[in-house]
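Q: For reference, the file query15.txt (compact mmCIF, C-alpha atoms) is included below:
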```txt
# COMPACT_ATOMS: atom_id res chain seq x y z
CA MET A 46 54.26 34.72 -26.93
CA ALA A 47 56.50 36.28 -24.24
CA THR A 48 55.13 39.00 -22.11
CA PRO A 49 56.57 42.50 -22.33
CA THR A 50 58.18 42.07 -18.92
CA LEU A 51 59.93 38.87 -20.00
CA ARG A 52 61.13 40.51 -23.23
CA ARG A 53 62.46 43.47 -21.32
CA ALA A 54 64.31 41.12 -18.94
CA LEU A 55 65.84 39.19 -21.89
CA TRP A 56 67.01 42.44 -23.51
CA MET A 57 68.48 43.63 -20.21
CA GLY A 58 70.26 40.28 -19.78
CA ALA A 59 71.66 40.50 -23.32
CA ALA A 60 72.84 44.08 -22.69
CA VAL A 61 74.53 43.08 -19.43
CA LEU A 62 76.20 40.10 -21.18
CA ALA A 63 77.44 42.34 -24.04
CA ALA A 64 78.79 44.88 -21.56
CA GLY A 65 80.56 42.06 -19.70
CA VAL A 66 82.20 40.86 -22.92
CA VAL A 67 83.38 44.39 -23.76
CA ILE A 68 84.80 44.86 -20.27
CA ALA A 69 86.55 41.45 -20.42
CA LEU A 70 88.12 42.33 -23.79
CA ALA A 71 89.23 45.72 -22.46
CA ALA A 72 90.77 44.12 -19.38
CA HIS A 73 92.51 41.43 -21.42
CA GLY A 74 94.48 43.85 -23.58
CA ARG A 75 94.41 45.23 -27.07
CA ARG A 76 93.54 43.26 -30.12
CA ALA A 77 96.52 42.11 -32.19
CA ASP A 78 97.08 43.97 -35.42
CA PRO A 79 95.91 41.77 -38.27
CA GLY A 80 98.75 40.48 -40.46
CA LEU A 81 101.50 42.00 -38.34
CA VAL A 82 103.77 39.89 -36.20
CA ARG A 83 106.25 41.33 -33.74
CA PHE A 84 109.73 41.21 -35.31
CA GLU A 85 112.32 39.06 -33.58
CA ALA A 86 115.94 38.93 -34.71
CA ALA A 87 116.96 35.44 -35.85
CA GLY A 88 120.35 35.94 -37.47
CA VAL A 89 123.49 33.86 -37.09
CA MET A 90 125.00 36.59 -34.90
CA ILE A 91 121.96 36.86 -32.61
CA GLU A 92 123.98 36.99 -29.38
CA PHE A 93 125.95 40.03 -30.60
CA PRO A 94 123.86 43.22 -30.85
CA PRO A 95 125.41 45.32 -33.66
CA GLU A 96 125.70 48.42 -31.48
CA LEU A 97 128.01 46.53 -29.07
CA ILE A 98 130.50 45.53 -31.78
CA THR A 99 133.77 47.42 -31.33
CA HIS A 100 136.11 45.75 -33.87
CA VAL A 101 135.60 44.19 -37.30
CA VAL A 102 138.15 42.33 -39.41
CA VAL A 103 137.29 41.29 -42.97
CA THR A 104 139.74 38.82 -44.51
CA ARG A 105 140.07 37.72 -48.13
CA GLY A 106 143.01 35.46 -48.81
CA GLU A 107 146.09 37.05 -47.25
CA ARG A 108 144.54 40.54 -47.19
CA GLN A 109 142.80 42.01 -44.14
CA TRP A 110 140.70 45.11 -43.57
CA ARG A 111 140.44 46.21 -39.93
CA PHE A 112 137.91 48.62 -38.47
CA THR A 113 137.34 49.99 -34.98
CA ARG A 114 134.31 51.81 -33.62
CA THR A 115 135.20 54.91 -31.59
CA ASN A 116 132.78 57.06 -29.62
CA ALA A 117 133.90 60.33 -31.20
CA GLN A 118 134.48 59.38 -34.84
CA GLY A 119 132.30 56.33 -35.36
CA TRP A 120 134.04 53.70 -37.51
CA VAL A 121 137.72 54.23 -38.32
CA SER A 122 140.24 52.10 -40.16
CA ALA A 123 142.70 50.33 -37.92
CA PRO A 124 145.46 50.70 -36.92
CA ASP A 125 145.84 54.17 -38.51
CA THR A 126 142.49 55.43 -37.09
CA LEU A 127 141.57 57.28 -40.25
CA PRO A 128 137.83 58.07 -40.40
CA LEU A 129 135.91 56.00 -42.93
CA GLY A 130 133.80 57.44 -45.68
CA GLU A 131 130.07 57.47 -45.02
CA ASP A 132 129.49 54.68 -47.56
CA THR A 133 131.94 52.30 -45.88
CA ALA A 134 130.61 53.06 -42.38
CA THR A 135 127.05 52.48 -43.61
CA ARG A 136 128.08 49.18 -45.20
CA LEU A 137 129.70 48.05 -41.94
CA GLU A 138 126.54 48.88 -40.00
CA SER A 139 124.34 47.15 -42.60
CA GLY A 140 126.53 44.05 -42.61
CA LEU A 141 126.43 43.80 -38.82
CA ARG A 142 122.66 44.33 -38.72
CA PHE A 143 122.05 41.68 -41.41
CA LEU A 144 124.19 39.14 -39.52
CA HIS A 145 122.17 39.89 -36.39
CA VAL A 146 118.62 39.85 -37.77
CA SER A 147 118.56 37.75 -40.97
CA ALA A 148 117.76 34.09 -40.41
CA PRO A 149 119.44 31.45 -42.57
CA GLN A 150 117.26 30.05 -45.34
CA ARG A 151 118.59 26.62 -44.49
CA VAL A 152 120.91 25.01 -41.95
CA MET A 153 122.62 21.84 -43.18
CA ALA A 154 124.17 19.51 -40.59
CA ARG A 155 127.55 18.02 -41.52
CA SER A 156 125.98 14.54 -41.29
CA GLU A 157 123.60 15.64 -44.04
CA LEU A 158 126.60 16.54 -46.21
CA ALA A 159 128.72 13.48 -45.47
CA GLY A 160 131.42 13.04 -48.09
CA THR A 161 130.82 16.46 -49.69
CA PRO A 162 134.00 18.53 -49.55
CA LEU A 163 133.74 22.10 -48.26
CA ALA A 164 135.23 23.30 -51.56
CA GLU A 165 131.88 22.41 -53.20
CA PHE A 166 130.35 25.25 -51.18
CA GLY A 167 133.24 27.67 -51.75
CA LEU A 168 134.32 27.25 -48.13
CA ASP A 169 137.72 25.57 -48.56
CA PRO A 170 139.14 28.13 -48.66
CA PRO A 171 136.32 30.62 -47.95
CA ARG A 172 135.87 33.54 -50.32
CA TYR A 173 136.18 35.89 -47.35
CA SER A 174 135.53 35.90 -43.61
CA VAL A 175 134.20 38.44 -41.14
CA SER A 176 135.35 38.50 -37.51
CA VAL A 177 133.72 40.79 -34.99
CA GLN A 178 134.59 41.56 -31.42
CA SER A 179 132.48 42.97 -28.63
CA SER A 180 133.91 43.93 -25.26
CA ALA A 181 130.71 42.65 -23.65
CA ARG A 182 130.19 39.42 -25.63
CA GLY A 183 133.54 38.16 -26.97
CA SER A 184 134.16 37.34 -30.63
CA PHE A 185 132.31 35.83 -33.57
CA THR A 186 133.64 34.72 -36.98
CA ILE A 187 131.72 33.72 -40.09
CA GLU A 188 133.19 32.46 -43.37
CA PHE A 189 131.38 33.18 -46.63
CA GLY A 190 131.56 30.80 -49.55
CA ALA A 191 130.04 30.53 -52.99
CA VAL A 192 126.68 31.87 -54.10
CA ASN A 193 124.15 29.10 -54.72
CA PRO A 194 123.25 28.19 -58.34
CA GLN A 195 120.12 30.40 -58.33
CA GLY A 196 122.18 33.36 -57.13
CA LEU A 197 119.76 34.18 -54.30
CA ALA A 198 121.71 32.75 -51.37
CA GLN A 199 125.28 32.25 -50.23
CA TYR A 200 126.90 29.37 -48.36
CA ALA A 201 128.47 30.25 -45.03
CA ARG A 202 129.95 28.62 -41.95
CA VAL A 203 130.21 30.00 -38.42
CA LYS A 204 133.53 29.27 -36.73
CA GLY A 205 133.09 26.67 -34.01
CA ARG A 206 129.94 25.15 -35.51
CA ASN A 207 129.71 22.11 -37.78
CA GLU A 208 126.76 23.05 -39.97
CA ILE A 209 126.75 24.90 -43.27
CA LEU A 210 124.32 27.76 -43.65
CA LEU A 211 122.50 29.04 -46.67
CA LEU A 212 122.13 32.78 -46.04
CA PRO A 213 120.19 35.26 -48.17
CA SER A 214 122.69 36.81 -50.57
CA PHE A 215 122.04 40.33 -49.24
CA VAL A 216 123.75 39.32 -45.95
CA GLY A 217 127.16 39.11 -47.65
CA GLU A 218 126.75 42.04 -50.06
CA PRO A 219 127.82 44.82 -47.65
CA TRP A 220 131.00 42.92 -46.76
CA GLU A 221 131.88 42.37 -50.41
CA ALA A 222 131.34 46.07 -51.04
CA VAL A 223 133.61 47.00 -48.10
CA ILE A 224 136.52 44.94 -49.39
CA GLN A 225 136.11 46.16 -52.96
CA VAL A 226 135.95 49.84 -52.01
CA ARG A 227 139.11 49.78 -49.85
```
Let me see the file written as structure tokens.

A:
Amino acid sequence: MATPTLRRALWMGAAVLAAGVVIALAAHGRRADPGLVRFEAAGVMIEFPPELITHVVVTRGERQWRFTRTNAQGWVSAPDTLPLGEDTATRLESGLRFLHVSAPQRVMARSELAGTPLAEFGLDPPRYSVSVQSSARGSFTIEFGAVNPQGLAQYARVKGRNEILLLPSFVGEPWEAVIQVR
């Protein structure tokens, strides 16, 4: 049996060790929140922050809808610079945000689709396209095609890239609403 002095020394050692662990944890940083992961944008328009977009053109067939962001009025129709209704401006902002943050469900390389015509995906011709321009970043164009058979995703293709994307259907919904309202 240990003597009282030895027991006291063991308890003191354990207390010092526990205090050291607490200090090390405090110095290391805070504990991560369980179940929460820091959000990172992963959309197809990742290099274009929505707030830097100055012009948007939505095209369906021969018809085009043009919009410009002004400092004073927010979004206006172009070239007549008429202010947009709140619904249309909100849809433009939502559409830009979804393109920036929403990752594709699937990216299919053209080699994976060898021999499959683009018309099978509703991309020849596309149902509609969205072109954006940023004075700081240049331009970006995406073509939207058919909705997949389950109705939960939509085929798309980014201009200048060879792959076909399967985007969540909510990514295209604001753009469809914009061209149906106008």

Q: Rounded to one decimal in Å, what is the spacing between atom CA of Gln195 of chain A and atom CA of Arg136 of chain A?

A: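 Going from atom CA of Gln195 of chain A over to atom CA of Arg136 of chain A, I get 24.3 Å.
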
Q: Skip Ala134 of chain A itself and residues of its chain fewer than 2 positions away, then list as a list in words all residues within 10 Å of it, counting only C-alpha atoms.

A: Phe112, Arg114, Gly119, Trp120, Val121, Ser122, Pro128, Leu129, Gly130, Glu131, Asp132, Arg136, Leu137, Glu138, Ser139, Gly140 and Val223 of chain A

Q: Quick check, in Å to one decimal: how far apart do atom CA of Ala71 of chain A and atom CA of Arg83 of chain A lie?

A: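 Distance reported for this atom pair: 20.9 Å.
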
Q: With distances taken over all atoms listed in the file, which of A:Glu96, A:Glu85, A:Glu218, A:Glu208 is nearest to Ser156 of chain A?

A: A:Glu208

Q: With only C-alpha atoms as the atoms that count, which of A:Ala198, A:Leu158, A:Val146, A:Met90 lies nearest to Val175 of chain A?

A: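 Nearest candidate to Val175 of chain A out of A:Ala198, A:Leu158, A:Val146, A:Met90: A:Met90.
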
Q: With all atoms listed in the file as the atoms that count, which of A:Val103, A:Val152, A:Leu70, A:Val203 lies nearest to Phe185 of chain A?

A: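 Comparing A:Val103, A:Val152, A:Leu70, A:Val203 against Phe185 of chain A, the winner is A:Val203.
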
Q: Using only C-alpha atoms, can you tell me which of A:Gly190, A:Pro94, A:Asp169, A:Pro124 comes closest to Glu221 of chain A?

A: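 Checking each of A:Gly190, A:Pro94, A:Asp169, A:Pro124 against Glu221 of chain A, counting only C-alpha atoms, the winner is A:Gly190.
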
Q: Go through A:Arg172, A:His100, A:His145, A:Arg182 one by one, measure the shortest atom-to-atom distance of each to Gly88 of chain A using only C-alpha atoms, and give the residue with the smallest value.

A: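 Going through A:Arg172, A:His100, A:His145, A:Arg182 one by one, the smallest distance to Gly88 of chain A is for A:His145.
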
Q: Excluding Arg155 of chain A and any residue of its chain fewer than 5 positions from it, enumerate the residues within 9 Å of it, using only C-alpha atoms, and give them as a PDB file with C-alpha atoms, in the coordinates of the input.

A:
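Ended up saving to around.pdb:
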```pdb
ATOM      1  CA  THR A 161     130.820  16.460 -49.690  1.00  0.00           C
ATOM      2  CA  ASN A 207     129.710  22.110 -37.780  1.00  0.00           C
ATOM      3  CA  GLU A 208     126.760  23.050 -39.970  1.00  0.00           C
ATOM      4  CA  ILE A 209     126.750  24.900 -43.270  1.00  0.00           C
TER       5      ILE A 209
END
```

Q: Please, what distance in Å, to one decimal, runs between atom CA of Ser176 of chain A and atom CA of Gln225 of chain A?

A: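 We find that atom CA of Ser176 of chain A and atom CA of Gln225 of chain A lie 17.3 Å from each other.
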
Q: For segment 92-102 of chain A, I'd like the enclosing box, axis-aligned and padded by 4 Å on every side, reported as lines of an AutoDock Vina configuration file with centre and edge lengths in Å to one decimal.

A:
```
center_x = 131.0
center_y = 42.7
center_z = -34.2
size_x = 22.3
size_y = 19.4
size_z = 18.3
```

Q: Extract, using only C-alpha atoms, all DNA, RNA and protein residues at most 12 Å from Ser214 of chain A, discarding same-chain residues fewer than 5 positions from it, and format them as a ChimeraX atom specification.

A: /A:140,143-144,147-150,189-201,219-221
